[in-house]
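Here is the file final.cif (mmCIF, C-alpha atoms).
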```cif
data_input
#
loop_
_atom_site.label_atom_id
_atom_site.label_comp_id
_atom_site.auth_asym_id
_atom_site.auth_seq_id
_atom_site.Cartn_x
_atom_site.Cartn_y
_atom_site.Cartn_z
CA MET A 772 127.00 179.09 47.34
CA PHE A 773 127.03 175.56 46.01
CA ARG A 774 130.79 175.41 45.92
CA LYS A 775 131.19 176.18 49.62
CA SER A 776 129.71 172.93 50.78
CA GLY A 777 132.48 170.87 49.30
CA ARG A 778 130.11 168.25 47.99
CA ALA A 779 128.40 170.66 45.63
CA GLU A 780 130.87 169.84 42.92
CA ALA A 781 129.33 166.40 42.69
CA LEU A 782 125.79 167.66 42.39
CA ARG A 783 124.21 167.01 39.05
CA PRO A 784 121.17 169.22 38.65
CA LEU A 785 118.20 167.65 36.94
CA ALA A 786 115.58 169.75 35.22
CA HIS A 787 111.90 169.02 35.14
CA THR A 788 111.02 168.41 31.52
CA GLU A 789 107.77 166.47 31.59
CA GLY A 790 104.39 168.07 31.27
CA LEU A 791 105.83 171.24 29.86
CA SER A 792 105.25 173.22 26.70
CA VAL A 793 108.12 175.39 25.55
CA THR A 794 108.53 178.24 23.13
CA THR A 795 111.11 180.91 22.50
CA SER A 796 110.43 184.60 22.30
CA GLY A 797 113.40 186.64 21.22
CA ASN A 798 116.23 185.63 23.51
CA GLU A 799 113.83 184.46 26.20
CA THR A 800 112.09 181.16 26.70
CA LEU A 801 108.58 180.57 27.94
CA VAL A 802 107.84 177.31 29.68
CA TYR A 803 104.24 176.40 30.37
CA ASP A 804 103.75 173.99 33.25
CA LYS A 805 100.67 171.96 32.34
CA GLU A 806 100.23 170.64 35.85
CA ASN A 807 100.39 173.91 37.71
CA PHE A 808 99.04 176.11 34.92
CA VAL A 809 101.78 178.69 35.05
CA ILE A 810 104.04 180.16 32.43
CA HIS A 811 107.64 180.57 33.48
CA ARG A 812 109.72 183.20 31.79
CA LEU A 813 113.36 182.28 31.45
CA ASP A 814 116.11 184.63 30.42
CA ALA A 815 118.83 183.32 28.15
CA ASP A 816 121.02 182.18 31.04
CA MET A 817 118.26 180.28 32.77
CA ALA A 818 117.15 178.67 29.54
CA ALA A 819 120.68 177.54 28.70
CA VAL A 820 121.18 175.99 32.13
CA TRP A 821 117.72 174.41 32.15
CA ARG A 822 118.28 172.74 28.79
CA LEU A 823 121.61 171.28 29.87
CA ALA A 824 120.58 170.19 33.35
CA ASP A 825 119.86 166.59 32.46
CA GLY A 826 121.35 165.01 35.56
CA THR A 827 124.60 164.01 33.89
CA ARG A 828 126.48 167.27 34.23
CA ASP A 829 127.87 168.68 37.43
CA ILE A 830 127.68 172.36 38.08
CA ALA A 831 131.13 173.14 36.80
CA THR A 832 130.37 171.35 33.56
CA LEU A 833 127.08 173.17 33.30
CA ALA A 834 128.90 176.45 33.69
CA GLY A 835 131.43 175.55 31.03
CA GLU A 836 129.01 174.24 28.47
CA SER A 837 126.35 176.89 28.94
CA GLY A 838 128.74 179.79 29.06
CA VAL A 839 126.66 181.26 31.86
CA SER A 840 128.81 183.25 34.26
CA ASP A 841 126.66 182.71 37.34
CA VAL A 842 125.23 179.22 37.07
CA ASN A 843 124.30 179.15 40.73
CA ASP A 844 122.05 182.12 40.30
CA SER A 845 120.30 180.53 37.36
CA LEU A 846 119.95 177.21 39.15
CA GLN A 847 118.47 178.83 42.19
CA ARG A 848 115.91 180.70 40.16
CA LEU A 849 115.08 177.57 38.22
CA ALA A 850 114.67 175.62 41.43
CA ASN A 851 112.51 178.34 42.87
CA SER A 852 110.30 178.03 39.82
CA GLY A 853 110.17 174.27 40.16
CA LEU A 854 111.95 173.75 36.86
CA VAL A 855 114.97 172.08 38.44
CA LYS A 856 114.45 169.35 40.97
CA ALA A 857 115.51 170.84 44.27
CA GLU A 858 116.80 167.55 45.63
CA THR A 859 119.41 167.44 42.89
CA LEU A 860 120.84 170.68 44.21
CA GLY A 861 121.34 169.35 47.71
CA LYS A 862 119.34 170.27 50.78
CA SER A 863 122.04 172.35 52.40
CA ASN A 864 122.36 174.50 49.36
CA PHE A 865 118.76 175.02 48.52
CA SER A 866 116.63 177.04 50.81
CA ARG A 867 113.46 178.66 49.67
CA ARG A 868 113.78 181.26 52.38
CA ARG A 869 117.27 182.08 51.25
CA LEU A 870 116.20 182.28 47.69
CA ILE A 871 113.49 184.73 48.45
CA GLY A 872 115.72 186.98 50.49
CA GLY A 873 118.97 186.49 48.69
CA ALA A 874 120.61 188.07 45.74
CA ALA A 875 119.04 185.50 43.50
CA GLY A 876 115.66 185.98 45.11
CA ALA A 877 113.81 186.88 41.99
CA ALA A 878 112.25 183.81 40.49
CA ALA A 879 111.40 183.62 36.84
CA ALA A 880 108.40 185.74 36.05
CA VAL A 881 105.28 183.66 35.89
CA ALA A 882 101.81 184.11 34.53
CA PHE A 883 98.93 182.05 35.74
CA ILE A 884 96.67 180.62 33.09
CA ALA A 885 93.13 180.57 34.39
CA PRO A 886 91.02 177.46 34.00
CA ALA A 887 88.79 177.17 31.02
CA ALA A 888 85.34 178.63 31.21
CA ALA A 889 83.05 176.52 33.28
CA SER A 890 79.93 177.10 31.27
CA PRO A 891 79.86 173.77 29.44
CA GLN A 892 80.00 171.87 32.70
CA LYS A 893 76.89 171.34 34.71
CA GLY A 894 76.99 173.06 38.05
CA ALA A 895 80.03 175.09 37.22
CA TYR A 896 78.31 178.35 36.49
CA CYS A 897 79.87 181.50 37.70
CA GLY A 898 78.73 183.00 40.95
CA PRO A 899 80.16 185.64 43.24
CA ASN A 900 81.24 183.17 45.89
CA TYR A 901 81.40 180.06 43.86
CA ILE A 902 84.12 177.67 44.81
CA TYR A 903 85.13 175.11 42.28
CA SER A 904 85.36 172.50 44.96
CA GLY A 905 87.33 169.37 44.49
CA ILE A 906 89.94 170.88 42.25
CA ALA A 907 93.09 171.64 44.10
CA CYS A 908 95.44 174.37 43.04
CA LYS A 909 98.92 175.50 43.78
CA ASP A 910 100.15 179.04 43.53
CA GLY A 911 103.80 179.12 44.44
CA SER A 912 104.01 177.51 47.84
CA HIS A 913 100.33 177.99 48.58
CA THR A 914 97.90 175.17 47.99
CA GLY A 915 94.15 175.53 48.01
CA VAL A 916 91.13 175.26 45.79
CA TRP A 917 90.08 177.33 42.85
CA GLN A 918 87.71 180.10 43.78
CA CYS A 919 85.76 182.21 41.43
CA ASP A 920 86.41 185.68 42.78
CA SER A 921 84.25 187.49 40.30
CA CYS A 922 82.25 186.69 37.23
CA VAL A 923 83.42 187.52 33.78
CA GLY A 924 80.52 187.61 31.47
CA ASP A 925 76.87 188.24 31.34
CA ASN A 926 74.98 186.97 34.32
CA ASN A 927 72.06 186.38 32.03
CA GLY A 928 73.60 184.05 29.59
CA GLY A 929 77.15 185.19 29.14
CA PRO A 930 80.15 182.95 29.11
CA ASN A 931 79.89 182.30 32.83
CA LYS A 932 83.60 182.58 33.19
CA CYS A 933 85.32 183.42 36.39
CA TYR A 934 88.34 185.26 37.53
CA TRP A 935 89.79 182.24 39.24
CA ASN A 936 92.10 182.54 42.16
CA CYS A 937 93.83 179.92 44.20
CA ARG A 938 92.37 180.34 47.70
CA MET B 1082 86.82 180.43 4.40
CA THR B 1083 83.59 182.36 4.31
CA ILE B 1084 82.91 185.19 6.69
CA HIS B 1085 79.17 185.16 6.40
CA SER B 1086 77.12 182.03 6.11
CA ALA B 1087 75.51 181.44 2.76
CA ASP B 1088 71.87 182.30 2.31
CA GLY B 1089 70.98 178.69 1.78
CA ALA B 1090 72.49 177.67 5.10
CA VAL B 1091 69.25 178.24 6.99
CA ASP B 1092 67.35 175.98 4.61
CA ASP B 1093 70.10 173.38 4.92
CA LEU B 1094 69.95 173.61 8.67
CA ARG B 1095 66.22 172.94 8.74
CA ARG B 1096 66.55 170.18 6.16
CA LEU B 1097 69.33 168.39 8.02
CA GLY B 1098 67.71 168.88 11.42
CA VAL B 1099 65.66 166.17 13.08
CA THR B 1100 62.46 166.48 15.06
CA THR B 1101 62.40 163.87 17.79
CA GLU B 1102 59.45 161.92 19.13
CA ASN B 1103 59.26 164.36 22.02
CA GLY B 1104 59.00 167.28 19.66
CA ASP B 1105 62.57 168.42 20.33
CA PHE B 1106 64.51 169.73 17.39
CA LEU B 1107 68.01 168.43 16.87
CA PHE B 1108 70.34 170.21 14.49
CA GLY B 1109 74.00 170.64 13.73
CA ILE B 1110 76.27 173.47 12.73
CA ARG B 1111 79.89 173.73 11.71
CA ALA B 1112 82.08 176.77 12.24
CA PHE B 1113 85.86 177.21 12.29
CA GLY B 1114 86.27 173.48 11.78
CA VAL B 1115 84.12 172.51 14.76
CA ASN B 1116 80.89 170.52 14.55
CA LEU B 1117 78.26 171.07 17.20
CA THR B 1118 74.95 169.34 17.77
CA ILE B 1119 72.25 171.29 19.56
CA LEU B 1120 68.90 170.29 20.97
CA LEU B 1121 66.06 172.81 21.12
CA PRO B 1122 62.67 172.30 22.75
CA ASP B 1123 61.11 172.74 19.34
CA SER B 1124 62.01 174.16 15.97
CA GLY B 1125 60.20 177.38 16.77
CA TYR B 1126 63.16 178.54 18.80
CA LEU B 1127 65.39 178.32 15.80
CA ASP B 1128 64.37 181.66 14.35
CA ASP B 1129 65.69 183.57 17.32
CA LEU B 1130 68.76 181.39 17.67
CA LEU B 1131 69.71 181.90 14.04
CA ARG B 1132 70.66 185.45 14.80
CA LEU B 1133 72.95 184.27 17.57
CA LEU B 1134 74.79 181.49 15.80
CA PRO B 1135 78.57 181.86 15.57
CA PRO B 1136 80.07 183.68 12.59
CA THR B 1137 80.78 181.57 9.50
CA TRP B 1138 78.38 178.85 10.65
CA MET B 1139 77.20 176.33 8.14
CA ALA B 1140 74.58 173.63 8.47
CA ALA B 1141 75.83 170.17 9.35
CA ALA B 1142 74.20 166.87 10.06
CA PRO B 1143 73.47 166.46 13.77
CA LEU B 1144 75.54 163.85 15.53
CA MET B 1145 74.53 161.28 18.09
CA GLU B 1146 76.32 163.10 20.86
CA ILE B 1147 74.55 166.30 21.81
CA ASP B 1148 76.88 169.14 22.69
CA PHE B 1149 74.33 171.57 24.01
CA ARG B 1150 70.74 171.54 25.11
CA CYS B 1151 68.75 174.68 25.38
CA GLU B 1152 67.85 174.25 29.01
CA GLY B 1153 65.46 176.37 30.97
CA ILE B 1154 62.86 176.47 28.24
CA VAL B 1155 59.99 174.09 28.52
CA ALA B 1156 57.53 174.14 25.68
CA GLY B 1157 54.11 175.14 26.90
CA SER B 1158 55.38 176.27 30.26
CA ASP B 1159 54.79 179.62 31.84
CA SER B 1160 58.36 180.71 31.27
CA GLY B 1161 58.44 184.33 30.35
CA ASP B 1162 60.30 185.89 27.46
CA SER B 1163 63.18 186.79 29.72
CA ASP B 1164 63.78 183.15 30.54
CA ARG B 1165 63.66 182.29 26.89
CA VAL B 1166 66.08 185.04 26.00
CA ALA B 1167 68.42 184.14 28.83
CA SER B 1168 68.47 180.52 27.77
CA LEU B 1169 69.11 181.33 24.14
CA LEU B 1170 71.89 183.76 25.02
CA LYS B 1171 73.48 181.22 27.31
CA LEU B 1172 73.27 178.61 24.61
CA ALA B 1173 74.77 180.95 22.03
CA SER B 1174 77.58 181.93 24.33
CA SER B 1175 78.36 178.31 25.15
CA MET B 1176 78.44 177.43 21.46
CA GLU B 1177 80.83 180.26 20.73
CA TYR B 1178 83.10 179.24 23.55
CA ALA B 1179 83.13 175.62 22.49
CA ILE B 1180 84.10 176.58 18.97
CA ALA B 1181 86.83 178.87 20.26
CA GLU B 1182 88.16 176.12 22.49
CA ARG B 1183 88.07 173.33 19.92
CA SER B 1184 88.89 174.95 16.61
CA PRO B 1185 91.58 172.76 15.06
CA ASP B 1186 93.22 175.45 12.97
CA HIS B 1187 92.71 178.69 14.80
CA VAL B 1188 93.55 180.17 18.16
CA PHE B 1189 90.92 182.38 19.73
CA VAL B 1190 92.01 185.25 21.92
CA HIS B 1191 89.50 187.19 23.99
CA ALA B 1192 89.97 190.53 22.31
CA GLY B 1193 88.37 193.34 20.46
CA VAL B 1194 89.77 193.88 16.98
CA VAL B 1195 89.49 196.82 14.63
CA MET B 1196 91.34 198.06 11.59
CA ILE B 1197 92.27 201.70 11.23
CA ASP B 1198 93.78 202.91 7.99
CA GLY B 1199 94.77 199.38 7.13
CA ARG B 1200 96.41 198.74 10.48
CA VAL B 1201 94.89 196.05 12.67
CA LEU B 1202 94.62 196.69 16.39
CA ILE B 1203 94.07 193.87 18.89
CA LEU B 1204 92.69 194.74 22.32
CA PRO B 1205 93.01 191.66 24.54
CA GLY B 1206 90.71 191.48 27.52
CA GLU B 1207 88.07 189.40 29.15
CA SER B 1208 84.39 190.08 28.72
CA HIS B 1209 83.32 193.16 30.64
CA ALA B 1210 86.86 194.51 30.52
CA GLY B 1211 85.61 197.34 28.35
CA LYS B 1212 86.87 196.12 25.02
CA SER B 1213 83.43 196.16 23.43
CA THR B 1214 83.00 199.77 24.45
CA LEU B 1215 86.37 200.66 23.01
CA VAL B 1216 85.64 198.81 19.80
CA ALA B 1217 82.30 200.57 19.40
CA ALA B 1218 83.91 203.95 20.02
CA LEU B 1219 86.65 203.25 17.50
CA VAL B 1220 84.15 202.12 14.90
CA GLN B 1221 82.19 205.31 15.40
CA LYS B 1222 85.40 207.15 14.56
CA GLY B 1223 85.72 205.29 11.30
CA ALA B 1224 87.51 202.08 12.24
CA THR B 1225 86.63 198.85 10.48
CA TYR B 1226 85.00 196.33 12.76
CA PHE B 1227 86.59 192.90 13.09
CA SER B 1228 85.34 191.64 16.43
CA ASP B 1229 84.29 192.66 19.89
CA GLU B 1230 84.84 189.23 21.41
CA TYR B 1231 87.53 187.11 19.78
CA ALA B 1232 90.64 187.72 17.74
CA VAL B 1233 90.83 184.61 15.57
CA ILE B 1234 94.47 183.86 14.83
CA THR B 1235 95.59 181.71 11.93
CA ALA B 1236 98.68 179.50 11.87
CA ASP B 1237 100.38 182.28 9.91
CA GLY B 1238 99.72 184.77 12.67
CA LEU B 1239 97.05 186.65 10.75
CA VAL B 1240 93.76 187.84 12.21
CA LEU B 1241 90.39 186.76 10.89
CA PRO B 1242 87.26 188.80 11.47
CA TYR B 1243 84.78 187.36 13.94
CA LEU B 1244 81.61 189.06 12.85
CA ARG B 1245 78.69 188.27 15.01
CA GLN B 1246 75.40 189.08 13.45
CA ILE B 1247 74.62 190.92 16.62
CA ALA B 1248 76.59 191.54 19.73
CA LEU B 1249 75.27 189.31 22.47
CA ARG B 1250 74.91 191.92 25.13
CA ASN B 1251 73.62 194.62 22.82
CA SER B 1252 71.40 192.36 20.91
CA LEU B 1253 68.01 192.67 19.35
CA PHE B 1254 66.75 191.17 22.56
CA PHE B 1255 68.08 194.20 24.35
CA PRO B 1256 67.63 196.93 21.76
CA GLU B 1257 68.79 199.78 23.96
CA GLY B 1258 72.33 200.74 23.11
CA ARG B 1259 72.58 198.34 20.26
CA THR B 1260 75.18 199.18 17.67
CA ASP B 1261 75.17 197.37 14.40
CA LEU B 1262 78.91 196.99 14.11
CA THR B 1263 78.67 194.62 11.18
CA ALA B 1264 77.74 197.59 9.02
CA HIS B 1265 81.38 198.58 9.45
CA ALA B 1266 82.80 195.15 8.70
CA PRO B 1267 85.66 194.50 6.30
CA ASP B 1268 85.18 193.17 2.83
CA ALA B 1269 84.66 189.47 3.38
CA ASP B 1270 86.39 188.35 0.21
CA GLN B 1271 89.41 190.53 0.74
CA LEU B 1272 89.97 189.35 4.28
CA SER B 1273 89.06 185.71 4.01
CA GLY B 1274 92.70 184.79 4.53
CA GLY B 1275 93.20 187.11 7.44
CA ALA B 1276 94.74 190.51 8.02
CA VAL B 1277 98.24 191.35 9.19
CA PRO B 1278 98.11 192.52 12.81
CA SER B 1279 99.82 195.75 13.67
CA THR B 1280 99.41 196.46 17.35
CA VAL B 1281 98.48 194.60 20.52
CA LEU B 1282 97.25 197.00 23.19
CA VAL B 1283 96.71 195.70 26.72
CA SER B 1284 94.64 198.33 28.45
CA THR B 1285 93.62 198.80 32.04
CA TYR B 1286 90.64 200.96 32.76
CA GLN B 1287 90.70 203.31 35.73
CA ALA B 1288 87.88 205.73 36.28
CA GLY B 1289 89.12 209.25 35.66
CA ALA B 1290 92.61 208.13 34.71
CA LYS B 1291 94.68 210.03 32.21
CA TRP B 1292 96.09 208.07 29.34
CA SER B 1293 99.57 206.68 29.71
CA SER B 1294 101.12 204.00 27.58
CA THR B 1295 104.40 202.15 27.42
CA PRO B 1296 105.78 199.72 24.87
CA LEU B 1297 105.43 196.11 25.84
CA ASP B 1298 108.36 193.82 25.17
CA ARG B 1299 107.68 190.90 22.91
CA THR B 1300 107.65 188.26 25.60
CA SER B 1301 105.32 190.25 27.83
CA ALA B 1302 102.98 190.72 24.89
CA LEU B 1303 103.05 187.01 24.25
CA ILE B 1304 102.21 186.27 27.86
CA GLU B 1305 99.30 188.71 27.80
CA LEU B 1306 97.93 187.04 24.70
CA CYS B 1307 98.34 183.60 26.26
CA LYS B 1308 96.43 184.70 29.34
CA ASN B 1309 93.51 185.71 27.15
CA THR B 1310 93.61 182.69 24.87
CA VAL B 1311 90.61 180.40 25.02
CA GLY B 1312 91.65 176.84 25.79
CA PHE B 1313 95.32 177.66 26.24
CA ARG B 1314 95.56 174.97 28.88
CA ASN B 1315 94.42 172.29 26.49
CA ARG B 1316 96.72 173.18 23.63
CA PRO B 1317 99.61 175.36 24.69
CA ASP B 1318 101.86 174.28 21.83
CA MET B 1319 99.44 175.42 19.17
CA SER B 1320 98.69 178.61 21.04
CA PHE B 1321 102.35 179.45 21.47
CA ALA B 1322 103.00 178.83 17.79
CA HIS B 1323 100.12 180.94 16.46
CA LEU B 1324 100.73 183.79 18.87
CA ASN B 1325 104.45 183.82 18.22
CA ARG B 1326 103.73 184.23 14.54
CA LEU B 1327 101.34 187.06 15.29
CA LEU B 1328 104.06 188.90 17.18
CA GLU B 1329 106.31 188.74 14.17
CA TYR B 1330 104.04 191.46 12.81
CA ALA B 1331 102.63 193.28 15.79
CA ASN B 1332 104.04 195.65 18.38
CA GLY B 1333 102.82 195.45 21.95
CA TYR B 1334 101.78 198.26 24.25
CA THR B 1335 100.24 198.51 27.65
CA CYS B 1336 98.21 201.45 28.79
CA VAL B 1337 96.13 202.87 31.57
CA ARG B 1338 93.09 204.61 30.25
CA GLY B 1339 90.03 206.50 31.35
CA GLU B 1340 86.81 206.72 29.41
CA ALA B 1341 86.68 205.30 25.91
CA THR B 1342 86.00 208.61 24.20
CA ASP B 1343 89.07 210.18 25.80
CA THR B 1344 91.14 207.18 24.82
CA ILE B 1345 90.45 207.13 21.11
CA PRO B 1346 92.90 209.87 20.02
CA HIS B 1347 95.70 208.19 21.92
CA ILE B 1348 94.99 204.85 20.31
CA MET B 1349 94.90 206.49 16.90
CA ALA B 1350 98.30 208.00 17.63
CA LEU B 1351 99.70 204.61 18.62
CA LEU B 1352 98.75 203.34 15.19
CA GLU B 1353 100.57 206.09 13.35
CA PRO B 1354 103.03 204.85 10.73
CA GLN B 1355 106.08 205.78 12.80
CA ASN B 1356 105.07 203.06 15.21
CA LYS B 1357 105.00 200.49 12.49
CA PRO B 1358 106.97 197.38 13.42
CA LEU B 1359 110.18 196.77 11.54
#
```

Re-express the file's structure as structure tokens.
Amino acid sequence: MFRKSGRAEALRPLAHTEGLSVTTSGNETLVYDKENFVIHRLDADMAAVWRLADGTRDIATLAGESGVSDVNDSLQRLANSGLVKAETLGKSNFSRRRLIGGAAGAAAAVAFIAPAAASPQKGAYCGPNYIYSGIACKDGSHTGVWQCDSCVGDNNGGPNKCYWNCR
Amino acid sequence: MTIHSADGAVDDLRRLGVTTENGDFLFGIRAFGVNLTILLPDSGYLDDLLRLLPPTWMAAAPLMEIDFRCEGIVAGSDSGDSDRVASLLKLASSMEYAIAERSPDHVFVHAGVVMIDGRVLILPGESHAGKSTLVAALVQKGATYFSDEYAVITADGLVLPYLRQIALRNSLFFPEGRTDLTAHAPDADQLSGGAVPSTVLVSTYQAGAKWSSTPLDRTSALIELCKNTVGFRNRPDMSFAHLNRLLEYANGYTCVRGEATDTIPHIMALLEPQNKPL
């Protein structure tokens, strides 16, 4: 993949590291993206590549230092998750469409962390069609606004929480 | 930490409270390391609210910044009892959520929690996900009641009871179906430091479904707990740390279940000693 372009050898992948909270769980790593409110689940290979992708190492060096046999696969999945800056992988080598359909199509598993309960905020009470207007959201490639699809709680004084979805 | 508020707390609360020129009553409480200041239309509302205050509450001096006002109740208005009840319940729920979100030392997970034969079961799930029903059914079968709303997790990964005086939805205000779960609560002194969790069970209810369960890998269990953690967005580092510690003790399972009564034997079986984590 990256090697075929000829210039891929010079690419120096750069990971996103800001605005993240990281923990390990067994041999996996969870990365919480504070801006997009998602948890990324990285296997050991992805985590090793992500930690080393600081923009100073080319792909061959990344492969050698991480010990990961298929660095390209890990990089593609990281890029698909937004954890490696796509531009540092080169446009010709990074295609979202290809990632989705290709062998490395599976992105890191993610879990969306719903917004906090709206009850303390005036006007943010739960309702069946309530739209939390003004707050944009991003779910993968989709952008929209948070919508409260259904209420979680007691309509007569419960927590007024919502099952939020990015619509 | 105390599980139940001391008897003198009510007197302290009235003593430290302030009646304003408008007749409003301003008072403060502290629970799980969080101070809250609440404004009521008058002190007469306090008697009902006392029964809804968060577990472990203690009286505190009210602060200048008011956290919550009991809105929707106007003294002398024609508001019926239902409005009054709704406002008090909303206030109580908001207070609980604020404490869960701000507690400096504990992580609050939306979950039912019971202890069966010394083994602590955590049932993560949002309100109205059926966890209260499951908890009540388990307690009726002899389980010890910890909580039907929050699993309170310490930095060591232990679980503290969250013993409401009355369940909000099955409260004295709505006597039908009320179950006094606190009668089945653990010994406060013994569990003041928290109990070792044994099992995390993520259940999905399907009407008429037959029970089926599968082990949940550690990372998936952690993610499920994160998704149900109050205020995870505001403090992911702390949440990760507490929940990771919890999973040093507990096994995770996921299940599809039907009615609560049909589910109980299967849950009991999950907690058998052979499923004890290594």

- Message: From (120.7, 181.1, 39.4), in the file's coordinates, out to 9 Å: which residues are reached, counting all atoms listed in the file? Answer as a ChimeraX atom specification.
- Response: /A:816-817,820,841-850,875,878

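Residues of chain B having any atom within 6 Å of chain A, counting only C-alpha atoms, are Ala1167, Leu1170, Lys1171, Ser1174, Ser1208, Thr1300, Lys1308 and Gly1312 of chain B.
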
Just write the chosen residues, C-alpha atoms, as a JSON list (two decimals), in the coordinates of the input.
```json
[["chain", "number", "residue", "atom", "x", "y", "z"],
["B", 1167, "ALA", "CA", 68.42, 184.14, 28.83],
["B", 1170, "LEU", "CA", 71.89, 183.76, 25.02],
["B", 1171, "LYS", "CA", 73.48, 181.22, 27.31],
["B", 1174, "SER", "CA", 77.58, 181.93, 24.33],
["B", 1208, "SER", "CA", 84.39, 190.08, 28.72],
["B", 1300, "THR", "CA", 107.65, 188.26, 25.60],
["B", 1308, "LYS", "CA", 96.43, 184.70, 29.34],
["B", 1312, "GLY", "CA", 91.65, 176.84, 25.79]]
```

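The spacing separating atom CA of B:Leu1219 from atom CA of B:Phe1113 amounts to 26.6 Å.
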
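Across the model, the gap from atom CA of B:Thr1101 to atom CA of B:Ser1124 is 10.5 Å.
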
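Between atom CA of B:Leu1097 and atom CA of B:Glu1146 lies a distance of 15.5 Å.
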
- Message: When the PyMOL selection byres ((chain A and resi 786) around 7) is applied to the structure above, which residues does it catch, written out as an MDAnalysis selection string?
- Response: chainID A and resid 784:785 787:788 821 824:825 854:856

- Give me the result of the PyMOL selection byres ((chain B and resi 1191) around 9) on this file, residue by residue, as a list in words. Phe1189, Val1190, Ala1192, Gly1193, Leu1204, Pro1205, Gly1206, Glu1207, Ser1208, Asp1229, Glu1230, Tyr1231, Ala1232, Val1233, Leu1306, Asn1309, Thr1310 and Val1311 of chain B

For B:Val1201: contacts at 8 Å, all atoms listed in the file, fewer than 2 positions along chain excluded, given as an mmCIF file with C-alpha atoms, in the coordinates of the input:
```
data_model
loop_
_atom_site.group_PDB
_atom_site.id
_atom_site.type_symbol
_atom_site.label_atom_id
_atom_site.label_comp_id
_atom_site.auth_asym_id
_atom_site.auth_seq_id
_atom_site.Cartn_x
_atom_site.Cartn_y
_atom_site.Cartn_z
ATOM 1 C CA VAL B 1194 89.770 193.880 16.980
ATOM 2 C CA VAL B 1195 89.490 196.820 14.630
ATOM 3 C CA MET B 1196 91.340 198.060 11.590
ATOM 4 C CA ILE B 1197 92.270 201.700 11.230
ATOM 5 C CA GLY B 1199 94.770 199.380 7.130
ATOM 6 C CA ILE B 1203 94.070 193.870 18.890
ATOM 7 C CA ALA B 1276 94.740 190.510 8.020
ATOM 8 C CA VAL B 1277 98.240 191.350 9.190
ATOM 9 C CA PRO B 1278 98.110 192.520 12.810
ATOM 10 C CA SER B 1279 99.820 195.750 13.670
ATOM 11 C CA THR B 1280 99.410 196.460 17.350
#
```

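Taken over the whole file, the PyMOL selection byres ((chain A and resi 831) around 10) covers exactly A:Arg774, A:Ala779, A:Glu780, A:Ala781, A:Leu782, A:Arg783, A:Arg828, A:Asp829, A:Ile830, A:Thr832, A:Leu833, A:Ala834, A:Gly835, A:Glu836, A:Ser837, A:Val842, A:Asn843.
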
Export, as a PDB file, in the coordinates of the input, the selected residues with C-alpha atoms.
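Produced file part-v5.pdb, reproduced below:
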```pdb
ATOM      1  CA  ARG A 774     130.790 175.410  45.920  1.00  0.00           C
ATOM      2  CA  ALA A 779     128.400 170.660  45.630  1.00  0.00           C
ATOM      3  CA  GLU A 780     130.870 169.840  42.920  1.00  0.00           C
ATOM      4  CA  ALA A 781     129.330 166.400  42.690  1.00  0.00           C
ATOM      5  CA  LEU A 782     125.790 167.660  42.390  1.00  0.00           C
ATOM      6  CA  ARG A 783     124.210 167.010  39.050  1.00  0.00           C
ATOM      7  CA  ARG A 828     126.480 167.270  34.230  1.00  0.00           C
ATOM      8  CA  ASP A 829     127.870 168.680  37.430  1.00  0.00           C
ATOM      9  CA  ILE A 830     127.680 172.360  38.080  1.00  0.00           C
ATOM     10  CA  THR A 832     130.370 171.350  33.560  1.00  0.00           C
ATOM     11  CA  LEU A 833     127.080 173.170  33.300  1.00  0.00           C
ATOM     12  CA  ALA A 834     128.900 176.450  33.690  1.00  0.00           C
ATOM     13  CA  GLY A 835     131.430 175.550  31.030  1.00  0.00           C
ATOM     14  CA  GLU A 836     129.010 174.240  28.470  1.00  0.00           C
ATOM     15  CA  SER A 837     126.350 176.890  28.940  1.00  0.00           C
ATOM     16  CA  VAL A 842     125.230 179.220  37.070  1.00  0.00           C
ATOM     17  CA  ASN A 843     124.300 179.150  40.730  1.00  0.00           C
TER      18      ASN A 843
END
```

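For the set B:Gly1104, B:Pro1267, B:Pro1136, B:Gly1114, the residue with the smallest atom-to-atom gap to B:Val1220 is B:Pro1267, counting only C-alpha atoms.
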
- Item | Spatial neighbours of B:Lys1222, max dist 10 Å, all atoms listed in the file, sep filter under 6 positions, as a PyMOL selection string | chain B and resi 1197+1216+1342+1345-1346+1349

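Nearest to B:Gln1287 of all the residues B:Gly1274, B:Gly1333, B:Gly1223, B:Gly1211 is B:Gly1211, based on all atoms listed in the file.
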
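With all atoms listed in the file as the atoms that count, the minimum distance from B:Thr1118 to the choices B:Leu1094, B:Val1337, B:Ala1302, B:Leu1297 is reached by B:Leu1094.
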